[in-house]
Every structure is written in structure tokens, then in C-alpha cells.
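A short write-up of the structure that comes next.
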Amino acid sequence: MITLLISDPWLLFPIFLVFENYIRVRAGGRHSRSGPSRLVGTDCSESIESGEVFVDCQDRRLTSIPSSKIWSKEPKHLLLARNRIKILRDGVFAGFEGLKSLDLQQNQISVVEDGAFEGLTKLTTLLLQHNTLGTLSEEALIPMPNLRYLRLYDNPWICLCPMDSLIRTLQVPSNRNLGNHARCAEPVRLKDRKLKQVDAELLCQESDSTSPQGDQTDPIDTLNPSPIRTKPDATTSCHTYLFPQPRLDCSNRGLTEVPAGIPEDIVHMDLSHNSIIHLRARDFQGARSLRTLNLSNNNMGHIDTASLSGLLHLRELDLSDNSLHFVQYGVLEDLYFLSNLKLGGNPWVCDYSIHYMVYWLRLHPGVKHSGLLCRSPPEYTGESVEQYVHSYNRECPKDRQRSQTDPELWNTPLELQAEEIDLATFEEIIPPPARV
């Protein structure tokens, strides 16, 4: 009977159909600029970005490195973030010799054997942040002569003698992008000290002086307390992703202020769903590569004039779902290339303080904006702010408008005079007398 079933191809046809449909469903991965991605045996998606093969194995609950034999083309970028990998054994990346980048962040890696990265001679970027590494030997880095970016922060580094060779390597001046922001967790005397600032000469001396019973008590702890860090650090508070573009994910981190130390190469930054209520001057100092900035859902009520200073290349800004009543004069002045501004979900107050936003948008017609609706006073609720400003200017009598020779200006500081005179040059701009 079994022989008859196998010998009759028509009886196997339904099985082929089921299998074909299964493959078709499983192949529906994300899309890249070069077409749809292809799902491989581990459910990882394989796609092409800028002519290079990306293999995305993120969030797959993997406990080991997938085999290199299952890819249709040699991958250049392997993304293994947010899995359950604990140990990297010697030779585990055999067959991946063409890799340029390797993302292993947010796993549970506690051990990296010295030969784990053997053969990765073309690797330029290695991400090991947000793991459980306590020690790592310089030997593990030797097989990667072209390594230019190494992320090691948010690991519980034990700064004792076994870390001597790694710390010395990180402190070589030419390795300025290796191990930045990584800090010691132990011993107590060095807690929160950056690896790049640890005196490597003392590491093995301190270990030699440790008692046989393993007493880690440091007699000078009380003389050298850990420095107080009053502001969170962006690289340790947030998750950094380098592909396809540098991105900093700080969403849902319980932040009450913009973290310090935003890397200057970050292109996209997400600060949404935190508790930031005030943007302060120089909060984004140094973040000059930002193209998109998401500040939505923060209960933010005030933005200092110089808060966004320096963001000359910003294209998208999301201020939606906050507590903004208005945006004060000067806040948007550096945003020369802004093209998308999201403003919905804020309690905009339609009085004279809201005029700056409307005038700025008139002077930048290329900016697509949404959500600028009056929330108060009641007579304007639901009306667009643009309509309110237009009706305000239409109804206010010309004889109520102050001229540049208004005596009330004579006793004001020169900069205020200049500001009001400058505003008066805009068509339909009315200085701030009460409505009549």
C-alpha cells in the first residue's frame, strides 16, 4: 500500500501544494530598497541595503549563533541583538569571514573565549553593549585588525588584573572609538570609572594585595567616593543601533531630562514616552548629525530658547502629546532644513503668545505641520491657530497698533526694542495690546 502511494505522483500533489503555501507565507519578511527580504532557516530575514547583505536575527530567542551555511549570499552585516546568547565559543563565527559589522547587544553574554572572533579580519564594528561581561581579554580582539568601533558599555566590568590587557588596548590613542563609555562595576573604589580612565599600572598590584580569603574591602574607599552623576548618560541609558543608520532609542526609560553625552554621529533619536517636562539650553549640544527627533508623550510644558540650538540638519521634529501652551520666540530659529513638524495633542492657548509659531511657519512654507489647534480660551477651542491669528489681525484696529516711535518703547532695553521693531516688519504682525 505504501508503495502505491509513493509511486502515484498525483497522490502527492496536495502535499506539494501545502508545502508551497507554507513557504510562501514564511517568505513575507520586511522590505529593503532592493526588494522583499527572504526568510532563512532560523526565521532570520535576509535583505539588501546599499548593495550589501544584511541578515536580521534580532528578537528570535536564539541561544547560539546560526550556521553560516544557510544564507543565499555572504552576509556583510549580522544583527543578533535581543536574543539569549550567553557564551561565545572559539571559532563560533567560522564561515562569516566577510562580515563588516556584528551586533550582539542586549543578549546575556558573560563569556567570550579568546578565539571567538577568529577569521573576522574585515570586521569594522562590534556591538557588545548591554550584556553581562565582567572581563574580556585583549586576545579576543587580535583577530579583528580593522576594528574601528567597539561598544562595551552597560556591562558589569570587574576592573582587576584580568582586565589589564584590554584596558591598555582601549587606552591606545589610535583606538579612540573602542570601548568609549564603558565603566567599572567593581571594585568599589573604581565603580563608575571609565575603562579609558583607569590606571592600568595599578590593576594587577591591587589584585596581588588581595587577601587569600578574597576580602575585596578597599581601605581608601571612604577617601575616594564615587563621583555623583546628576544627569543620565545617553549611551548607558539608551540603546544604540548603528545600522542602517546610527539611532539612539531612549523611549520608555523613565527619563526626566535629556541625557548627556549624545554621540555626535547619531542620526535618529527617540525620547518619546518619558517624563521630560522642560527642554533646557544646550540639551542637544554636540548632536549635530540629528535628522529626526521624537519628543512626543513627555508632558513637556516649556522649551528654552537655545534648546534646539545647533540642530541645523534636523528634518523631522515630533512635539506631539505634550503640555505645550506656546513656543517662545527664537526656539525654532536654527531649524533651517526642517520639513516635518508634529504638534498635535498639546493644549495650545490662542492668545498673543502663540503668534510666533504661526509667523515662523509662514516664513517656512516648506515645513509640513499638523495638530496646531486652539485648546483655549473656550471661544476658540477646536479652531486652527492660523485662523485665530488671521482673525486677530483682521479685527484689531490699526490705530491700536503701536508704531516704532511709541513712547512705551523708549524706556525698554535696546535688544527688546530691536526685537519688537523686527517683528513689526512682518506683514500683519500686531504687537501685544489687549484685544478690543
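Each chain in the C-alpha cells gets a letter, A, B, ..., in the order shown, and its residues are numbered from 1; ligands are numbered from 1 in order too.
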Distance query Arg84 in chain A at most 9 Å, only C-alpha atoms, self and fewer than 3 positions along chain excluded, as a ChimeraX atom specification
/A:59-64,106-109
Dump as a PDB file, in the first residue's frame, selection limited to N, CA, C and O atoms:
ATOM      1  N   ASP A  59      15.648  39.549  18.071  1.00  0.00           N
ATOM      2  CA  ASP A  59      14.408  39.140  18.748  1.00  0.00           C
ATOM      3  C   ASP A  59      13.937  37.755  18.314  1.00  0.00           C
ATOM      4  O   ASP A  59      12.747  37.509  18.145  1.00  0.00           O
ATOM      5  N   ARG A  60      14.857  36.809  18.150  1.00  0.00           N
ATOM      6  CA  ARG A  60      14.481  35.460  17.718  1.00  0.00           C
ATOM      7  C   ARG A  60      14.634  34.419  18.832  1.00  0.00           C
ATOM      8  O   ARG A  60      14.505  33.237  18.588  1.00  0.00           O
ATOM      9  N   ARG A  61      14.981  34.860  20.038  1.00  0.00           N
ATOM     10  CA  ARG A  61      15.183  33.962  21.185  1.00  0.00           C
ATOM     11  C   ARG A  61      16.283  32.930  20.929  1.00  0.00           C
ATOM     12  O   ARG A  61      16.242  31.808  21.430  1.00  0.00           O
ATOM     13  N   LEU A  62      17.263  33.306  20.129  1.00  0.00           N
ATOM     14  CA  LEU A  62      18.356  32.397  19.807  1.00  0.00           C
ATOM     15  C   LEU A  62      19.286  32.249  21.009  1.00  0.00           C
ATOM     16  O   LEU A  62      19.562  33.204  21.726  1.00  0.00           O
ATOM     17  N   THR A  63      19.787  31.050  21.199  1.00  0.00           N
ATOM     18  CA  THR A  63      20.756  30.791  22.266  1.00  0.00           C
ATOM     19  C   THR A  63      22.149  30.502  21.698  1.00  0.00           C
ATOM     20  O   THR A  63      23.093  30.303  22.465  1.00  0.00           O
ATOM     21  N   SER A  64      22.258  30.466  20.384  1.00  0.00           N
ATOM     22  CA  SER A  64      23.549  30.222  19.740  1.00  0.00           C
ATOM     23  C   SER A  64      23.597  30.964  18.411  1.00  0.00           C
ATOM     24  O   SER A  64      22.578  31.452  17.913  1.00  0.00           O
ATOM     25  N   GLN A 106      22.422  43.518  23.933  1.00  0.00           N
ATOM     26  CA  GLN A 106      21.194  43.113  24.613  1.00  0.00           C
ATOM     27  C   GLN A 106      20.972  41.598  24.558  1.00  0.00           C
ATOM     28  O   GLN A 106      19.866  41.114  24.321  1.00  0.00           O
ATOM     29  N   ASN A 107      22.046  40.838  24.767  1.00  0.00           N
ATOM     30  CA  ASN A 107      21.943  39.408  24.989  1.00  0.00           C
ATOM     31  C   ASN A 107      22.254  39.139  26.464  1.00  0.00           C
ATOM     32  O   ASN A 107      22.058  40.020  27.303  1.00  0.00           O
ATOM     33  N   GLN A 108      22.745  37.953  26.760  1.00  0.00           N
ATOM     34  CA  GLN A 108      23.134  37.603  28.132  1.00  0.00           C
ATOM     35  C   GLN A 108      24.568  37.102  28.141  1.00  0.00           C
ATOM     36  O   GLN A 108      24.932  36.227  28.935  1.00  0.00           O
ATOM     37  N   ILE A 109      25.393  37.666  27.269  1.00  0.00           N
ATOM     38  CA  ILE A 109      26.758  37.176  27.079  1.00  0.00           C
ATOM     39  C   ILE A 109      27.611  37.499  28.311  1.00  0.00           C
ATOM     40  O   ILE A 109      27.773  38.655  28.687  1.00  0.00           O
TER      41      ILE A 109
END
Against range 92-100 of chain A, which residues of range 39-74 of chain A fall within 10 Å? For each one I want the closest pair of atoms and the distance in Å (one decimal), counting only C-alpha atoms, rows by chain and increasing residue number, as a Markdown table.
| residue | atom | partner | partner_atom | distance |
| --- | --- | --- | --- | --- |
| A:Glu52 | CA | A:Lys100 | CA | 9.9 |
| A:Val53 | CA | A:Leu99 | CA | 9.6 |
| A:Phe54 | CA | A:Leu99 | CA | 9.7 |
| A:Ser64 | CA | A:Val92 | CA | 8.9 |
| A:Ile65 | CA | A:Val92 | CA | 7.0 |
| A:Pro66 | CA | A:Phe93 | CA | 9.0 |
| A:Ser67 | CA | A:Gly95 | CA | 8.1 |
| A:Ser68 | CA | A:Gly95 | CA | 5.4 |
| A:Lys69 | CA | A:Gly95 | CA | 7.5 |
| A:Glu74 | CA | A:Gly98 | CA | 6.8 |
Produce a file of the selected residues containing C-alpha atoms, as a PDB file, in the first residue's frame.
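After the write, selection_21.pdb holds the following:
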ATOM      1  CA  GLU A  52      25.260  44.742   0.940  1.00  0.00           C
ATOM      2  CA  VAL A  53      23.562  41.716   2.518  1.00  0.00           C
ATOM      3  CA  PHE A  54      22.040  42.269   5.972  1.00  0.00           C
ATOM      4  CA  SER A  64      23.549  30.222  19.740  1.00  0.00           C
ATOM      5  CA  ILE A  65      24.972  31.710  16.546  1.00  0.00           C
ATOM      6  CA  PRO A  66      23.181  30.464  13.395  1.00  0.00           C
ATOM      7  CA  SER A  67      25.153  28.448  10.872  1.00  0.00           C
ATOM      8  CA  SER A  68      26.851  30.414   8.107  1.00  0.00           C
ATOM      9  CA  LYS A  69      25.732  27.847   5.501  1.00  0.00           C
ATOM     10  CA  GLU A  74      27.676  36.017   2.052  1.00  0.00           C
TER      11      GLU A  74
END
DSSP alpha helix (DSSP H) selection over range 101-336 of chain A, as JSON, numbers by chain:
{"A": [164, 165, 166, 167, 168, 169, 170, 203, 204, 205, 206, 207, 208, 234, 235, 236, 237]}
With C-alpha atoms retained, write the just-selected residues as a compact mmCIF listing (two decimals), in the first residue's frame.
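Final file, again23.txt:
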# COMPACT_ATOMS: atom_id res chain seq x y z
CA ASP A 164 44.80 44.72 32.32
CA SER A 165 45.47 43.91 28.63
CA LEU A 166 42.05 45.06 27.41
CA ILE A 167 42.22 48.37 29.28
CA ARG A 168 45.70 49.07 27.91
CA THR A 169 44.43 48.38 24.39
CA LEU A 170 41.46 50.71 24.79
CA LEU A 203 45.24 46.76 38.38
CA CYS A 204 47.49 43.76 38.98
CA GLN A 205 49.07 45.37 42.05
CA GLU A 206 45.63 45.69 43.64
CA SER A 207 44.83 42.05 42.84
CA ASP A 208 48.14 40.86 44.34
CA ALA A 234 22.82 58.75 26.80
CA THR A 235 24.97 55.76 25.92
CA THR A 236 24.15 53.83 29.08
CA SER A 237 20.52 54.93 29.50
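Rounded to one decimal, CA of Ala260 in chain A and CA of Gly330 in chain A lie 23.0 Å from each other.
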Find the spatial neighbours of Arg151 in chain A, counting only C-alpha atoms, within a cut-off of 6 Å - ignore same-chain residues fewer than 4 positions away - and output them as a ChimeraX atom specification.
/A:127-129,179
Written selection (all heavy atoms) as a PDB file, in the first residue's frame:
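Result saved to part.pdb:
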ATOM      1  N   LEU A 127      29.341  45.342  18.367  1.00  0.00           N
ATOM      2  CA  LEU A 127      28.484  45.873  19.430  1.00  0.00           C
ATOM      3  C   LEU A 127      28.249  44.805  20.485  1.00  0.00           C
ATOM      4  O   LEU A 127      27.591  43.795  20.240  1.00  0.00           O
ATOM      5  CB  LEU A 127      27.154  46.341  18.842  1.00  0.00           C
ATOM      6  CG  LEU A 127      27.223  47.302  17.642  1.00  0.00           C
ATOM      7  CD1 LEU A 127      25.824  47.733  17.222  1.00  0.00           C
ATOM      8  CD2 LEU A 127      28.078  48.515  17.968  1.00  0.00           C
ATOM      9  N   LEU A 128      28.792  45.038  21.683  1.00  0.00           N
ATOM     10  CA  LEU A 128      28.649  44.102  22.809  1.00  0.00           C
ATOM     11  C   LEU A 128      28.021  44.765  24.025  1.00  0.00           C
ATOM     12  O   LEU A 128      28.053  44.204  25.122  1.00  0.00           O
ATOM     13  CB  LEU A 128      30.020  43.526  23.189  1.00  0.00           C
ATOM     14  CG  LEU A 128      30.593  42.451  22.259  1.00  0.00           C
ATOM     15  CD1 LEU A 128      32.063  42.189  22.578  1.00  0.00           C
ATOM     16  CD2 LEU A 128      29.794  41.159  22.355  1.00  0.00           C
ATOM     17  N   GLN A 129      27.451  45.946  23.858  1.00  0.00           N
ATOM     18  CA  GLN A 129      26.877  46.650  24.996  1.00  0.00           C
ATOM     19  C   GLN A 129      25.624  45.945  25.511  1.00  0.00           C
ATOM     20  O   GLN A 129      25.013  45.147  24.822  1.00  0.00           O
ATOM     21  CB  GLN A 129      26.559  48.113  24.639  1.00  0.00           C
ATOM     22  CG  GLN A 129      25.443  48.312  23.626  1.00  0.00           C
ATOM     23  CD  GLN A 129      25.935  48.437  22.222  1.00  0.00           C
ATOM     24  OE1 GLN A 129      26.921  47.811  21.849  1.00  0.00           O
ATOM     25  NE2 GLN A 129      25.244  49.241  21.410  1.00  0.00           N
ATOM     26  N   GLY A 179      35.530  51.054  22.989  1.00  0.00           N
ATOM     27  CA  GLY A 179      35.226  50.977  24.413  1.00  0.00           C
ATOM     28  C   GLY A 179      34.850  52.276  25.082  1.00  0.00           C
ATOM     29  O   GLY A 179      34.898  52.371  26.321  1.00  0.00           O
TER      30      GLY A 179
END
Could you pull the residues within 7 Å of Ile303 in chain A, counting only C-alpha atoms, minus those fewer than 2 positions along the same chain, as number ranges by chain?
A: 278-280, 305, 307, 327
Would you write out those residues with N, CA and C atoms, as a PDB file, in the first residue's frame?
ATOM      1  N   HIS A 278      10.804  69.730  30.671  1.00  0.00           N
ATOM      2  CA  HIS A 278      11.465  71.000  30.360  1.00  0.00           C
ATOM      3  C   HIS A 278      12.674  70.725  29.467  1.00  0.00           C
ATOM      4  N   LEU A 279      12.723  71.338  28.296  1.00  0.00           N
ATOM      5  CA  LEU A 279      13.921  71.296  27.460  1.00  0.00           C
ATOM      6  C   LEU A 279      14.784  72.504  27.796  1.00  0.00           C
ATOM      7  N   ARG A 280      16.040  72.250  28.109  1.00  0.00           N
ATOM      8  CA  ARG A 280      16.927  73.316  28.546  1.00  0.00           C
ATOM      9  C   ARG A 280      17.968  73.644  27.472  1.00  0.00           C
ATOM     10  N   THR A 305      14.834  78.839  24.842  1.00  0.00           N
ATOM     11  CA  THR A 305      15.143  79.378  23.516  1.00  0.00           C
ATOM     12  C   THR A 305      16.279  78.624  22.828  1.00  0.00           C
ATOM     13  N   SER A 307      17.314  75.535  23.324  1.00  0.00           N
ATOM     14  CA  SER A 307      17.241  74.079  23.493  1.00  0.00           C
ATOM     15  C   SER A 307      17.607  73.324  22.228  1.00  0.00           C
ATOM     16  N   VAL A 327       5.132  78.199  21.988  1.00  0.00           N
ATOM     17  CA  VAL A 327       6.577  78.068  21.801  1.00  0.00           C
ATOM     18  C   VAL A 327       7.144  79.473  21.746  1.00  0.00           C
TER      19      VAL A 327
END
Excluding Lys342 in chain A and residues on its chain fewer than 6 positions from it, collect all residues at most 9 Å away from it, counting only C-alpha atoms, and give them as a VMD selection string.
chain A and resid 296 316 to 320 368 to 372
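Separating CA of Leu80 in chain A from CA of Leu242 in chain A is a distance of 12.8 Å.
When CA of Lys194 in chain A is paired with CA of Asn180 in chain A, their separation reads 7.9 Å.
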When you count only C-alpha atoms, which of these residues is closest to Ile158 in chain A: A:Asn146, A:Ser110, A:Ser339, A:Asn175?
A:Ser110
